[in-house]
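Everything below concerns the one structure shown next.
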Number of protein chains: 2
Amino acid sequence: MAAVRPGAVLLTIGDELLLGDRVDTNGGWLAAFLSAAGFRVQMILTVGDDVPAMHSALSRAVEVAAGGVVVMTGGLGPTTDDVTREAVASWLGVPLQEDPAILETLEARFRQRGFANLPLPNRRLAQVPEGAEVLPNPAGTAPGLALSLAGRGPAGGWLFLLPGVPVEMRALMEQEVGPRLARLPGPRPAPLASAVVRTAGIPESALAEMLEPLTGGTPGILVQYRPSWEGVELRITASDGPDALEGFMSRAAHILEPWQYGGAESSLAGAVLARCEAMGWTIAVAESCTGGLLGARLTAVPGSARVFLGGVVAYANDVKVGLLGVEETTLAAHGAVSEIVARQMAEGVRARLGATVGVSITGVAGPGGGSPHRPVGTVCFGLADTDQGWVSEQVHFPGGRDEIRERAVQHALRLIDQGARKRIRG
Amino acid sequence: MAAVRPGAVLLTIGDELLLGDRVDTNGGWLAAFLSAAGFRVQMILTVGDDVPAMHSALSRAVEVAAGGVVVMTGGLGPTTDDVTREAVASWLGVPLQEDPAILETLEARFRQRGFANLPLPNRRLAQVPEGAEVLPNPAGTAPGLALSLAGRGPAGGWLFLLPGVPVEMRALMEQEVGPRLARLPGPRPAPLASAVVRTAGIPESALAEMLEPLTGGTPGILVQYRPSWEGVELRITASDGPDALEGFMSRAAHILEPWQYGGAESSLAGAVLARCEAMGWTIAVAESCTGGLLGARLTAVPGSARVFLGGVVAYANDVKVGLLGVEETTLAAHGAVSEIVARQMAEGVRARLGATVGVSITGVAGPGGGSPHRPVGTVCFGLADTDQGWVSEQVHFPGGRDEIRERAVQHALRLIDQGARKRIRG
C-alpha cells in the first residue's frame, strides 16, 4: 500500500493572471515538480496583487496543506504593484526588515551593469519578513524566501516565496527548494516511476494505435500523449514502481525506436548534433522561408560549434544566386520553392562552407505568396552529402506562418538524422 | 467614480492539472473573456476530481464572487473519474435527473458515427442536477449547464458548468454563456480602459523611477511592469475610463518615446521592419553566436521580404573569412569576439548582399568559451550603412545561453532602430 503523501498547495499571484493577459505556466510546472518529489498537490489558487486577497488565500492554503508545503510565486518584483512581501509579513504578523547581504548583492549587480547607484525601487528587493531564510536567485535579482509555518496553523509546514519569472522560479525550485524538501522530516513515499520519450515524424493517433496492445495488457501503466509542433512527447507512468516501468519500456522499445530521439530534456537538434559528432560530420545550412531558425535551433545546443559551421540565409532570390550558386535559369523555370532549387541550395552551401552535409529549406510560409500550384505550407528540402550525393523532398505542412516554419525546421533535422542513421547502418 | 464591477470566480477541475501533466489554459482564457465582459475576476481555483474538494471550492467561490458568476470547467466527461456533475448536485442538495433531450441528441450523434447503441458510459452525459438549464455544446458531446445560485448564498448569482476540452469550453462561452451574462440584471460598468506599451533597452526599475511622479499624481491609474528578455512591457489601466487613460498616456509619451516600440501585438522586429520599409531600406545580417536567431526573428514577421534580404551565419571562423571577408590577421590579432571583427562582418554582409544596412552579432553565449578578458555574455555588434559609415558596440549580458542570445538579438534590432531614427531626424 502506498504511504501517505504530504500535501502541497500552490499560490500564484498576479493581476495579469486574473485579467487573462498571461497564462499561468508556473502552477503546472510546480505541480509536476512537487508530484515528482512525492507530494500530493491538492489545490492551485490564483489571486491578484492585493493584500486582503492574499491573506485569505494564505489562510486557506495552510489549512488545506495541513502540515505540508505552500509554494507562492509572483509579486516579488521591485515596483510598488508587487506587494507579496508585504502581504506575507502582515499575515504572519512580523515586520519587514532590510537584509544587508541582499542589498550588497543587488548593488554589485547593478554596478556591473554600469549603474552608479542602485535604482531606488530595487531596494524593495532586500525587504524580508522577519525570520525568513533567504534563498539566493541564480537567474535574477529577487531572492526566494523560506518561512517555517510552525505555530502558524494546526500542523506547521513550510511556506516558500518565489519570484514569478518562470526561469527564476524554476532555478530556485531546483537548486534551493528541492534539496530542502528532501530534508523535511516525515514519511516520504517513493515517487511514481515515470519516463518521458520524445518522438518526431509520427502523429499521436498512429503512436497510440501501435502502443495500444501493450498498454491494454499492462495494468498500472499510463501512457499520456502530448502533441506539439516539434513532435509527440509520451509520458509513461508506472504506479507499481521502477521495475514495472522498465519492463514496459523494454517491450515498447522496438515500436518507438524509429521515431524516438530522446527523453524529457533532449531536443531533436541535440540528438542530431550528437550523432553527427560521433561520425565526424560537419553541417552547413541554407535557409529561405525559415530565415535562420534552423541555424538558431542547432546553435541553441551548447558545444554545437564542433559540428555546425554556419550557413546562408537566402531570403531574397539574388542571395540564392550570389551566395549559394543557384542557377538563375533554374529559378526562372521552376520557382524558388522547388525541389531542384532546394537541391542546389544544399549543394551550394555544403561546397562553399566545406561541410560534410548541407541541408536546405525553401517554402511558402504565408500568409501571402501561395498559389494553386504551391499553396501556403509547401516546403522543399534538400540534403547534400559528400559521399552519398543528395536527396530532395517536398512536403505540405498545416497551420499558420509560425507553425509551418517550426515544422519545417523539425523536418530538416529529421532529414539529417535519417541520413546519419542510414550511413551508420551502411 | 468607477461603477462596481460584478465579481467572477473560476474553478478548473482535474487531477491532471494537479499532477502538472497539463497546463491549465482554460483559466487564463476565461479570465480574459470575463474581464472583457466587464467582470472583475477575483480568483482562479484548481482542485482535483474529488467531491469533498469540489464542495469546499464551490462554497469558497460563491462567497468570493458575492453575487457574481462562478464558471466551473472540467470533470464532465463520460468516464467514472469525472464527478463534477455529482459534486455540484450534492453541494446544491438536489438530485441528478436524466434529461431526455440530451439523451436523444447523444443517441443521434452516435448513430451517425455508426454505433447501433449509445455506449453505456455516455449515458452519464445526460445526467443533470435538478433545476439546471441545459446549454447545447456545439463542438462536442457533454452539454454545459447553467444554475441559479439564488437562495444558495447571501447574494445569489449564477454557476456555469462547462466541459474542460478547450475548444468546447470556448464555443459554449461564446455562444451560450456570453449572451446570458449580457442579459444579467444589475449594474454593468464599461470595461476598464487599458493600454499596453512595449519597450526595449531600459530596465523595469529605471522606467518605474521615471514614471513614478506621473503615476503618484494620477489616482485611478495603475501601471504594471512585465520584464522579459525582450524588454519591459507596460500595462496601463485606468479605472475611470478611456479619457483618463488618454490623458495619462499623453503625459507619459515624452518619457516613453525613446524606448517604446509599439503596443500589445507588436514586436520590435516588426517595428524595425516597418520603419526601414518607410525609408526604403533593405537589411542583411551576419550572425555568429546567435546562429540565425536574428534572421529568424525578422522573418517571423509576414511581409519581411520587402526589407530583409538574408544573411550569413558565420559560426566557424573560416566562414567569417570566406563568406564575409573578415581579415584573417584581424581575427588573429583581436579574436572573433571583438568590435573590429563585428564591424568587418557588418560591412561584409552589407556589401555582398547589396543591402542598405548590414548588422552583425559575434559573442560568447557560453556556457564554455569565456575568458577573464571576454567572459561569457560578452557580445560585439556592428552596424554598417551605405551613407553613414558604421558603428560598433560591446555589451555584457547577464544570464545563461538562451538569455544571452535572445538579449543580443533584441539589442541588434535596437541598433537598427536607432540608426533609422537618427537618419529620420537628420
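Going through the C-alpha cells in order, the chains are called A, B, and so on, while each chain numbers its residues from 1 and the ligands are numbered from 1 in the order shown.
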Could you give me, as a PyMOL selection string, the residues within 12 Å of B:Ala132, counting only C-alpha atoms and dropping anything in the same chain fewer than 6 positions from it? chain B and resi 85+88-89+92+94-99+126+143-149+158-161
Those same residues, written as a PDB file, in the first residue's frame with N, CA, C and O atoms?
```
ATOM      1  N   ARG B  85     -20.517  16.641 -12.111  1.00  0.00           N
ATOM      2  CA  ARG B  85     -21.982  16.658 -12.043  1.00  0.00           C
ATOM      3  C   ARG B  85     -22.482  16.225 -10.658  1.00  0.00           C
ATOM      4  O   ARG B  85     -23.327  16.902 -10.049  1.00  0.00           O
ATOM      5  N   VAL B  88     -21.647  18.855  -7.895  1.00  0.00           N
ATOM      6  CA  VAL B  88     -22.488  20.051  -7.909  1.00  0.00           C
ATOM      7  C   VAL B  88     -23.881  19.728  -7.380  1.00  0.00           C
ATOM      8  O   VAL B  88     -24.445  20.468  -6.571  1.00  0.00           O
ATOM      9  N   ALA B  89     -24.429  18.587  -7.819  1.00  0.00           N
ATOM     10  CA  ALA B  89     -25.770  18.221  -7.359  1.00  0.00           C
ATOM     11  C   ALA B  89     -25.787  18.039  -5.843  1.00  0.00           C
ATOM     12  O   ALA B  89     -26.684  18.564  -5.156  1.00  0.00           O
ATOM     13  N   LEU B  92     -25.516  21.358  -4.042  1.00  0.00           N
ATOM     14  CA  LEU B  92     -26.774  22.101  -4.095  1.00  0.00           C
ATOM     15  C   LEU B  92     -27.874  21.406  -3.295  1.00  0.00           C
ATOM     16  O   LEU B  92     -28.907  22.013  -2.995  1.00  0.00           O
ATOM     17  N   VAL B  94     -29.608  18.752  -4.485  1.00  0.00           N
ATOM     18  CA  VAL B  94     -30.678  18.362  -5.424  1.00  0.00           C
ATOM     19  C   VAL B  94     -30.281  17.047  -6.083  1.00  0.00           C
ATOM     20  O   VAL B  94     -29.099  16.707  -6.143  1.00  0.00           O
ATOM     21  N   PRO B  95     -31.276  16.275  -6.586  1.00  0.00           N
ATOM     22  CA  PRO B  95     -30.933  15.013  -7.260  1.00  0.00           C
ATOM     23  C   PRO B  95     -30.454  15.244  -8.697  1.00  0.00           C
ATOM     24  O   PRO B  95     -30.713  16.296  -9.285  1.00  0.00           O
ATOM     25  N   LEU B  96     -29.734  14.235  -9.238  1.00  0.00           N
ATOM     26  CA  LEU B  96     -29.409  14.212 -10.669  1.00  0.00           C
ATOM     27  C   LEU B  96     -30.558  13.537 -11.404  1.00  0.00           C
ATOM     28  O   LEU B  96     -31.081  12.523 -10.954  1.00  0.00           O
ATOM     29  N   GLN B  97     -30.929  14.101 -12.550  1.00  0.00           N
ATOM     30  CA  GLN B  97     -32.032  13.523 -13.340  1.00  0.00           C
ATOM     31  C   GLN B  97     -31.571  13.326 -14.774  1.00  0.00           C
ATOM     32  O   GLN B  97     -30.811  14.148 -15.289  1.00  0.00           O
ATOM     33  N   GLU B  98     -32.065  12.263 -15.403  1.00  0.00           N
ATOM     34  CA  GLU B  98     -31.698  12.045 -16.797  1.00  0.00           C
ATOM     35  C   GLU B  98     -32.524  12.969 -17.686  1.00  0.00           C
ATOM     36  O   GLU B  98     -33.754  13.002 -17.589  1.00  0.00           O
ATOM     37  N   ASP B  99     -31.861  13.719 -18.548  1.00  0.00           N
ATOM     38  CA  ASP B  99     -32.552  14.669 -19.420  1.00  0.00           C
ATOM     39  C   ASP B  99     -32.819  14.000 -20.769  1.00  0.00           C
ATOM     40  O   ASP B  99     -31.881  13.649 -21.496  1.00  0.00           O
ATOM     41  N   ALA B 126     -26.073  12.629 -19.912  1.00  0.00           N
ATOM     42  CA  ALA B 126     -27.442  13.143 -19.877  1.00  0.00           C
ATOM     43  C   ALA B 126     -27.926  13.432 -18.449  1.00  0.00           C
ATOM     44  O   ALA B 126     -29.037  13.908 -18.253  1.00  0.00           O
ATOM     45  N   PRO B 143     -22.923  18.516 -22.653  1.00  0.00           N
ATOM     46  CA  PRO B 143     -23.510  19.859 -22.678  1.00  0.00           C
ATOM     47  C   PRO B 143     -23.021  20.693 -21.502  1.00  0.00           C
ATOM     48  O   PRO B 143     -22.541  20.163 -20.511  1.00  0.00           O
ATOM     49  N   GLY B 144     -23.159  22.015 -21.617  1.00  0.00           N
ATOM     50  CA  GLY B 144     -22.936  22.894 -20.484  1.00  0.00           C
ATOM     51  C   GLY B 144     -24.198  23.000 -19.659  1.00  0.00           C
ATOM     52  O   GLY B 144     -25.282  22.589 -20.094  1.00  0.00           O
ATOM     53  N   LEU B 145     -24.076  23.536 -18.447  1.00  0.00           N
ATOM     54  CA  LEU B 145     -25.227  23.681 -17.559  1.00  0.00           C
ATOM     55  C   LEU B 145     -25.178  25.048 -16.893  1.00  0.00           C
ATOM     56  O   LEU B 145     -24.096  25.527 -16.532  1.00  0.00           O
ATOM     57  N   ALA B 146     -26.359  25.673 -16.751  1.00  0.00           N
ATOM     58  CA  ALA B 146     -26.447  26.947 -16.045  1.00  0.00           C
ATOM     59  C   ALA B 146     -27.347  26.766 -14.837  1.00  0.00           C
ATOM     60  O   ALA B 146     -28.432  26.187 -14.953  1.00  0.00           O
ATOM     61  N   LEU B 147     -26.891  27.225 -13.661  1.00  0.00           N
ATOM     62  CA  LEU B 147     -27.648  27.039 -12.425  1.00  0.00           C
ATOM     63  C   LEU B 147     -27.732  28.357 -11.671  1.00  0.00           C
ATOM     64  O   LEU B 147     -26.711  29.007 -11.423  1.00  0.00           O
ATOM     65  N   SER B 148     -28.942  28.717 -11.288  1.00  0.00           N
ATOM     66  CA  SER B 148     -29.102  29.925 -10.477  1.00  0.00           C
ATOM     67  C   SER B 148     -28.637  29.648  -9.056  1.00  0.00           C
ATOM     68  O   SER B 148     -28.891  28.583  -8.498  1.00  0.00           O
ATOM     69  N   LEU B 149     -27.927  30.615  -8.467  1.00  0.00           N
ATOM     70  CA  LEU B 149     -27.488  30.475  -7.081  1.00  0.00           C
ATOM     71  C   LEU B 149     -28.394  31.247  -6.129  1.00  0.00           C
ATOM     72  O   LEU B 149     -28.051  31.419  -4.958  1.00  0.00           O
ATOM     73  N   TRP B 158     -24.837  33.292 -10.416  1.00  0.00           N
ATOM     74  CA  TRP B 158     -25.002  32.174 -11.344  1.00  0.00           C
ATOM     75  C   TRP B 158     -23.782  31.269 -11.350  1.00  0.00           C
ATOM     76  O   TRP B 158     -22.650  31.728 -11.190  1.00  0.00           O
ATOM     77  N   LEU B 159     -24.059  29.975 -11.551  1.00  0.00           N
ATOM     78  CA  LEU B 159     -22.987  28.991 -11.693  1.00  0.00           C
ATOM     79  C   LEU B 159     -23.102  28.358 -13.073  1.00  0.00           C
ATOM     80  O   LEU B 159     -24.170  27.874 -13.449  1.00  0.00           O
ATOM     81  N   PHE B 160     -22.024  28.416 -13.846  1.00  0.00           N
ATOM     82  CA  PHE B 160     -21.985  27.766 -15.164  1.00  0.00           C
ATOM     83  C   PHE B 160     -21.016  26.598 -15.110  1.00  0.00           C
ATOM     84  O   PHE B 160     -19.883  26.741 -14.638  1.00  0.00           O
ATOM     85  N   LEU B 161     -21.480  25.442 -15.590  1.00  0.00           N
ATOM     86  CA  LEU B 161     -20.631  24.243 -15.664  1.00  0.00           C
ATOM     87  C   LEU B 161     -20.306  23.969 -17.116  1.00  0.00           C
ATOM     88  O   LEU B 161     -21.223  23.812 -17.943  1.00  0.00           O
TER      89      LEU B 161
END
```
Please provide the set of residues having any atom within 12 Å of A:Ser266, restricted to only C-alpha atoms, with same-chain residues fewer than 4 positions apart removed, written as a PDB file with C-alpha atoms, in the first residue's frame.
```pdb
ATOM      1  CA  VAL A 196       9.385  10.706 -20.983  1.00  0.00           C
ATOM      2  CA  VAL A 197      10.050   9.762 -24.595  1.00  0.00           C
ATOM      3  CA  ARG A 198      10.203  12.367 -27.344  1.00  0.00           C
ATOM      4  CA  THR A 199       9.325  11.407 -30.894  1.00  0.00           C
ATOM      5  CA  GLU A 230       8.016  19.570 -32.534  1.00  0.00           C
ATOM      6  CA  GLU A 233       6.007  13.584 -26.308  1.00  0.00           C
ATOM      7  CA  GLN A 260      12.262   8.317 -30.681  1.00  0.00           C
ATOM      8  CA  TYR A 261      15.069  10.818 -30.331  1.00  0.00           C
ATOM      9  CA  GLY A 262      15.432  11.214 -26.599  1.00  0.00           C
ATOM     10  CA  GLY A 270      20.848  17.969 -29.726  1.00  0.00           C
ATOM     11  CA  ALA A 271      20.317  14.351 -30.824  1.00  0.00           C
ATOM     12  CA  VAL A 272      21.268  15.201 -34.423  1.00  0.00           C
ATOM     13  CA  LEU A 273      24.410  17.066 -33.346  1.00  0.00           C
ATOM     14  CA  ALA A 274      25.500  14.179 -31.110  1.00  0.00           C
ATOM     15  CA  ALA A 300      20.882  26.661 -29.085  1.00  0.00           C
ATOM     16  CA  VAL A 301      22.745  23.464 -28.115  1.00  0.00           C
TER      17      VAL A 301
END
```
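Rounded to one decimal, atom CA of B:Met173 and atom CA of A:Pro227 lie 25.3 Å from each other.
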Members of stretch 63-120 of chain A assigned strand (DSSP E) by DSSP, as a VMD selection string: chain A and resid 69 to 73 96 to 98
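Taking only C-alpha atoms, the non-local environment of B:Val359 within 8 Å (same-chain residues fewer than 2 positions away omitted) comprises Ile283, Ala284, Val285, Ala286, Met345, Ala346, Val349, Arg350, Val357, Ile361, Phe381, Gly382, Leu383, Ala384, Ala412 and Ile416 of chain B.
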The selected residues should be written to file as an mmCIF file, in the first residue's frame (atoms: C-alpha atoms).
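And here is the file that came out, again.cif:
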```cif
data_model
loop_
_atom_site.group_PDB
_atom_site.id
_atom_site.type_symbol
_atom_site.label_atom_id
_atom_site.label_comp_id
_atom_site.auth_asym_id
_atom_site.auth_seq_id
_atom_site.Cartn_x
_atom_site.Cartn_y
_atom_site.Cartn_z
ATOM 1 C CA ILE B 283 18.693 44.742 -44.267
ATOM 2 C CA ALA B 284 21.320 41.976 -44.285
ATOM 3 C CA VAL B 285 22.550 40.169 -41.163
ATOM 4 C CA ALA B 286 25.808 38.439 -40.179
ATOM 5 C CA MET B 345 31.172 41.243 -40.563
ATOM 6 C CA ALA B 346 28.563 44.005 -40.894
ATOM 7 C CA VAL B 349 27.399 41.183 -45.370
ATOM 8 C CA ARG B 350 26.089 44.607 -46.388
ATOM 9 C CA VAL B 357 22.239 48.243 -43.791
ATOM 10 C CA ILE B 361 26.479 39.861 -33.841
ATOM 11 C CA PHE B 381 27.744 44.338 -32.572
ATOM 12 C CA GLY B 382 28.376 46.134 -35.838
ATOM 13 C CA LEU B 383 26.097 48.283 -37.964
ATOM 14 C CA ALA B 384 27.231 49.271 -41.461
ATOM 15 C CA ALA B 412 20.816 44.266 -32.594
ATOM 16 C CA ILE B 416 18.996 49.177 -36.464
#
```
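With distances restricted to only C-alpha atoms, B:Ala365 is the closest residue to A:Ala305 from B:Ile13, B:Ala365, B:His55, B:Ala182.
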With only C-alpha atoms considered, list every residue of chain A at most 6 Å from chain B, as number ranges by chain. A: 18-20, 23, 28-29, 31-32, 35, 41, 43-47, 121, 291-293, 295-296, 299, 309-316
Do you know which residues are at most 9 Å from A:Gln394 counting only C-alpha atoms, after dropping those on the same chain fewer than 5 positions away, and could you put them as a PyMOL selection string? chain A and resi 338-339+378-381
Restricting to only C-alpha atoms, whichever of B:Ser371, B:Ser194, B:Thr386, B:Thr362 is closest to B:Val409 is B:Thr362
Please, which residues of stretch 13-245 of chain B, numbered as in this document, come out alpha helix (DSSP H) from DSSP, as number ranges by chain? B: 15-18, 25-36, 51-65, 84-92, 100-112, 166-172, 178-183, 204-216, 242-245
Shell around A:Leu184 at 10 Å using only C-alpha atoms, local window under 5 positions removed, as JSON, numbers by chain: {"A": [68, 157, 158, 179]}
Neighbours of A:Asp49 within 8 Å (only C-alpha atoms; same-chain residues fewer than 3 positions away dropped), as an mmCIF file with C-alpha atoms, in the first residue's frame?
```
data_model
loop_
_atom_site.group_PDB
_atom_site.id
_atom_site.type_symbol
_atom_site.label_atom_id
_atom_site.label_comp_id
_atom_site.auth_asym_id
_atom_site.auth_seq_id
_atom_site.Cartn_x
_atom_site.Cartn_y
_atom_site.Cartn_z
ATOM 1 C CA ILE A 13 -0.102 35.798 -7.599
ATOM 2 C CA GLY A 14 -0.682 38.464 -10.205
ATOM 3 C CA ASP A 15 -3.366 40.808 -11.521
ATOM 4 C CA MET A 54 -3.503 37.107 -0.355
ATOM 5 C CA GLY A 75 4.561 39.753 -6.856
ATOM 6 C CA ASP A 81 2.409 46.935 -7.701
ATOM 7 C CA ASP A 82 4.279 43.933 -6.265
ATOM 8 C CA VAL A 83 3.040 43.501 -2.680
ATOM 9 C CA THR A 84 3.583 39.807 -1.904
#
```
When you look at B:Leu118 with a cut-off of 12 Å (counting only C-alpha atoms), what residues show up, excluding the ones that are within fewer than 6 positions of it in the same chain? I need them as number ranges by chain. B: 78, 102-112, 124-126, 141
Keeping only all heavy atoms, write the selected residues to a file as a compact mmCIF listing (two decimals), in the first residue's frame.
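What landed in out16.txt:
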```txt
# COMPACT_ATOMS: atom_id res chain seq x y z
N PRO B 78 -17.57 11.34 -19.88
CA PRO B 78 -18.40 10.15 -19.68
C PRO B 78 -17.82 9.14 -18.68
O PRO B 78 -18.56 8.29 -18.19
CB PRO B 78 -18.47 9.53 -21.08
CG PRO B 78 -17.23 9.99 -21.77
CD PRO B 78 -16.91 11.34 -21.20
N ILE B 102 -31.20 15.57 -23.98
CA ILE B 102 -29.76 15.32 -24.15
C ILE B 102 -29.54 13.89 -24.64
O ILE B 102 -28.76 13.64 -25.56
CB ILE B 102 -28.99 15.51 -22.81
CG1 ILE B 102 -29.18 16.93 -22.28
CG2 ILE B 102 -27.51 15.21 -22.99
CD1 ILE B 102 -28.52 17.16 -20.92
N LEU B 103 -30.28 12.95 -24.02
CA LEU B 103 -30.12 11.55 -24.39
C LEU B 103 -30.41 11.35 -25.87
O LEU B 103 -29.67 10.64 -26.58
CB LEU B 103 -31.09 10.71 -23.54
CG LEU B 103 -30.74 9.23 -23.40
CD1 LEU B 103 -29.37 9.06 -22.74
CD2 LEU B 103 -31.80 8.52 -22.56
N GLU B 104 -31.45 12.00 -26.34
CA GLU B 104 -31.82 11.87 -27.76
C GLU B 104 -30.72 12.41 -28.66
O GLU B 104 -30.33 11.78 -29.65
CB GLU B 104 -33.12 12.64 -27.98
CG GLU B 104 -33.90 12.18 -29.20
CD GLU B 104 -35.27 12.86 -29.21
OE1 GLU B 104 -36.04 12.67 -28.23
OE2 GLU B 104 -35.54 13.60 -30.17
N THR B 105 -30.18 13.58 -28.32
CA THR B 105 -29.09 14.17 -29.11
C THR B 105 -27.89 13.23 -29.14
O THR B 105 -27.26 13.03 -30.19
CB THR B 105 -28.66 15.51 -28.48
OG1 THR B 105 -29.82 16.29 -28.24
CG2 THR B 105 -27.70 16.26 -29.38
N LEU B 106 -27.56 12.65 -27.98
CA LEU B 106 -26.40 11.76 -27.90
C LEU B 106 -26.62 10.53 -28.77
O LEU B 106 -25.73 10.11 -29.51
CB LEU B 106 -26.18 11.31 -26.45
CG LEU B 106 -25.61 12.36 -25.48
CD1 LEU B 106 -25.68 11.83 -24.05
CD2 LEU B 106 -24.16 12.68 -25.85
N GLU B 107 -27.83 9.95 -28.68
CA GLU B 107 -28.10 8.73 -29.45
C GLU B 107 -28.00 9.02 -30.95
O GLU B 107 -27.40 8.24 -31.70
CB GLU B 107 -29.49 8.17 -29.09
CG GLU B 107 -29.42 7.38 -27.79
CD GLU B 107 -30.79 7.03 -27.21
OE1 GLU B 107 -31.79 7.63 -27.64
OE2 GLU B 107 -30.82 6.16 -26.32
N ALA B 108 -28.54 10.17 -31.36
CA ALA B 108 -28.47 10.53 -32.79
C ALA B 108 -27.02 10.69 -33.22
O ALA B 108 -26.60 10.23 -34.29
CB ALA B 108 -29.25 11.82 -33.02
N ARG B 109 -26.25 11.32 -32.36
CA ARG B 109 -24.86 11.58 -32.68
C ARG B 109 -24.07 10.28 -32.85
O ARG B 109 -23.25 10.15 -33.76
CB ARG B 109 -24.26 12.40 -31.54
CG ARG B 109 -23.04 13.15 -31.93
CD ARG B 109 -22.62 14.06 -30.79
NE ARG B 109 -21.33 14.60 -31.13
CZ ARG B 109 -21.08 15.88 -31.30
NH1 ARG B 109 -22.02 16.76 -31.14
NH2 ARG B 109 -19.87 16.27 -31.61
N PHE B 110 -24.31 9.33 -31.96
CA PHE B 110 -23.56 8.08 -32.03
C PHE B 110 -24.06 7.20 -33.18
O PHE B 110 -23.27 6.48 -33.79
CB PHE B 110 -23.59 7.35 -30.68
CG PHE B 110 -22.53 7.86 -29.74
CD1 PHE B 110 -22.71 9.02 -29.01
CD2 PHE B 110 -21.31 7.19 -29.64
CE1 PHE B 110 -21.72 9.50 -28.17
CE2 PHE B 110 -20.31 7.66 -28.80
CZ PHE B 110 -20.52 8.83 -28.06
N ARG B 111 -25.39 7.26 -33.47
CA ARG B 111 -25.90 6.53 -34.65
C ARG B 111 -25.18 7.00 -35.89
O ARG B 111 -24.74 6.22 -36.73
CB ARG B 111 -27.41 6.77 -34.82
CG ARG B 111 -28.28 5.64 -34.28
CD ARG B 111 -29.69 5.69 -34.86
NE ARG B 111 -30.32 7.02 -34.78
CZ ARG B 111 -30.95 7.48 -33.69
NH1 ARG B 111 -31.03 6.74 -32.59
NH2 ARG B 111 -31.50 8.67 -33.71
N GLN B 112 -25.04 8.34 -35.97
CA GLN B 112 -24.39 8.95 -37.13
C GLN B 112 -22.96 8.46 -37.29
O GLN B 112 -22.43 8.37 -38.38
CB GLN B 112 -24.40 10.47 -36.91
CG GLN B 112 -24.47 11.28 -38.19
CD GLN B 112 -24.20 12.76 -37.89
OE1 GLN B 112 -24.44 13.23 -36.79
NE2 GLN B 112 -23.70 13.46 -38.87
N ARG B 124 -24.13 8.87 -18.95
CA ARG B 124 -23.87 9.79 -17.83
C ARG B 124 -23.93 11.24 -18.28
O ARG B 124 -24.20 12.14 -17.47
CB ARG B 124 -22.51 9.51 -17.19
CG ARG B 124 -22.40 8.11 -16.59
CD ARG B 124 -21.11 7.95 -15.82
NE ARG B 124 -21.09 8.77 -14.63
CZ ARG B 124 -20.09 9.57 -14.29
NH1 ARG B 124 -19.02 9.64 -15.05
NH2 ARG B 124 -20.14 10.29 -13.19
N LEU B 125 -23.64 11.48 -19.57
CA LEU B 125 -23.64 12.85 -20.07
C LEU B 125 -25.04 13.46 -20.01
O LEU B 125 -25.18 14.68 -20.09
CB LEU B 125 -23.12 12.90 -21.51
CG LEU B 125 -21.69 12.40 -21.72
CD1 LEU B 125 -21.34 12.42 -23.20
CD2 LEU B 125 -20.71 13.26 -20.94
N ALA B 126 -26.07 12.63 -19.91
CA ALA B 126 -27.44 13.14 -19.88
C ALA B 126 -27.93 13.43 -18.45
O ALA B 126 -29.04 13.91 -18.25
CB ALA B 126 -28.39 12.15 -20.55
N THR B 141 -19.78 16.41 -27.07
CA THR B 141 -20.94 15.68 -26.56
C THR B 141 -21.47 16.17 -25.21
O THR B 141 -22.67 16.14 -24.98
CB THR B 141 -20.62 14.18 -26.43
OG1 THR B 141 -19.37 14.05 -25.74
CG2 THR B 141 -20.50 13.52 -27.79
```
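For the set B:Pro119, B:Pro136, B:Gly201, B:Gly216, the residue with the smallest atom-to-atom gap to B:Val177 is B:Pro136, counting only C-alpha atoms.
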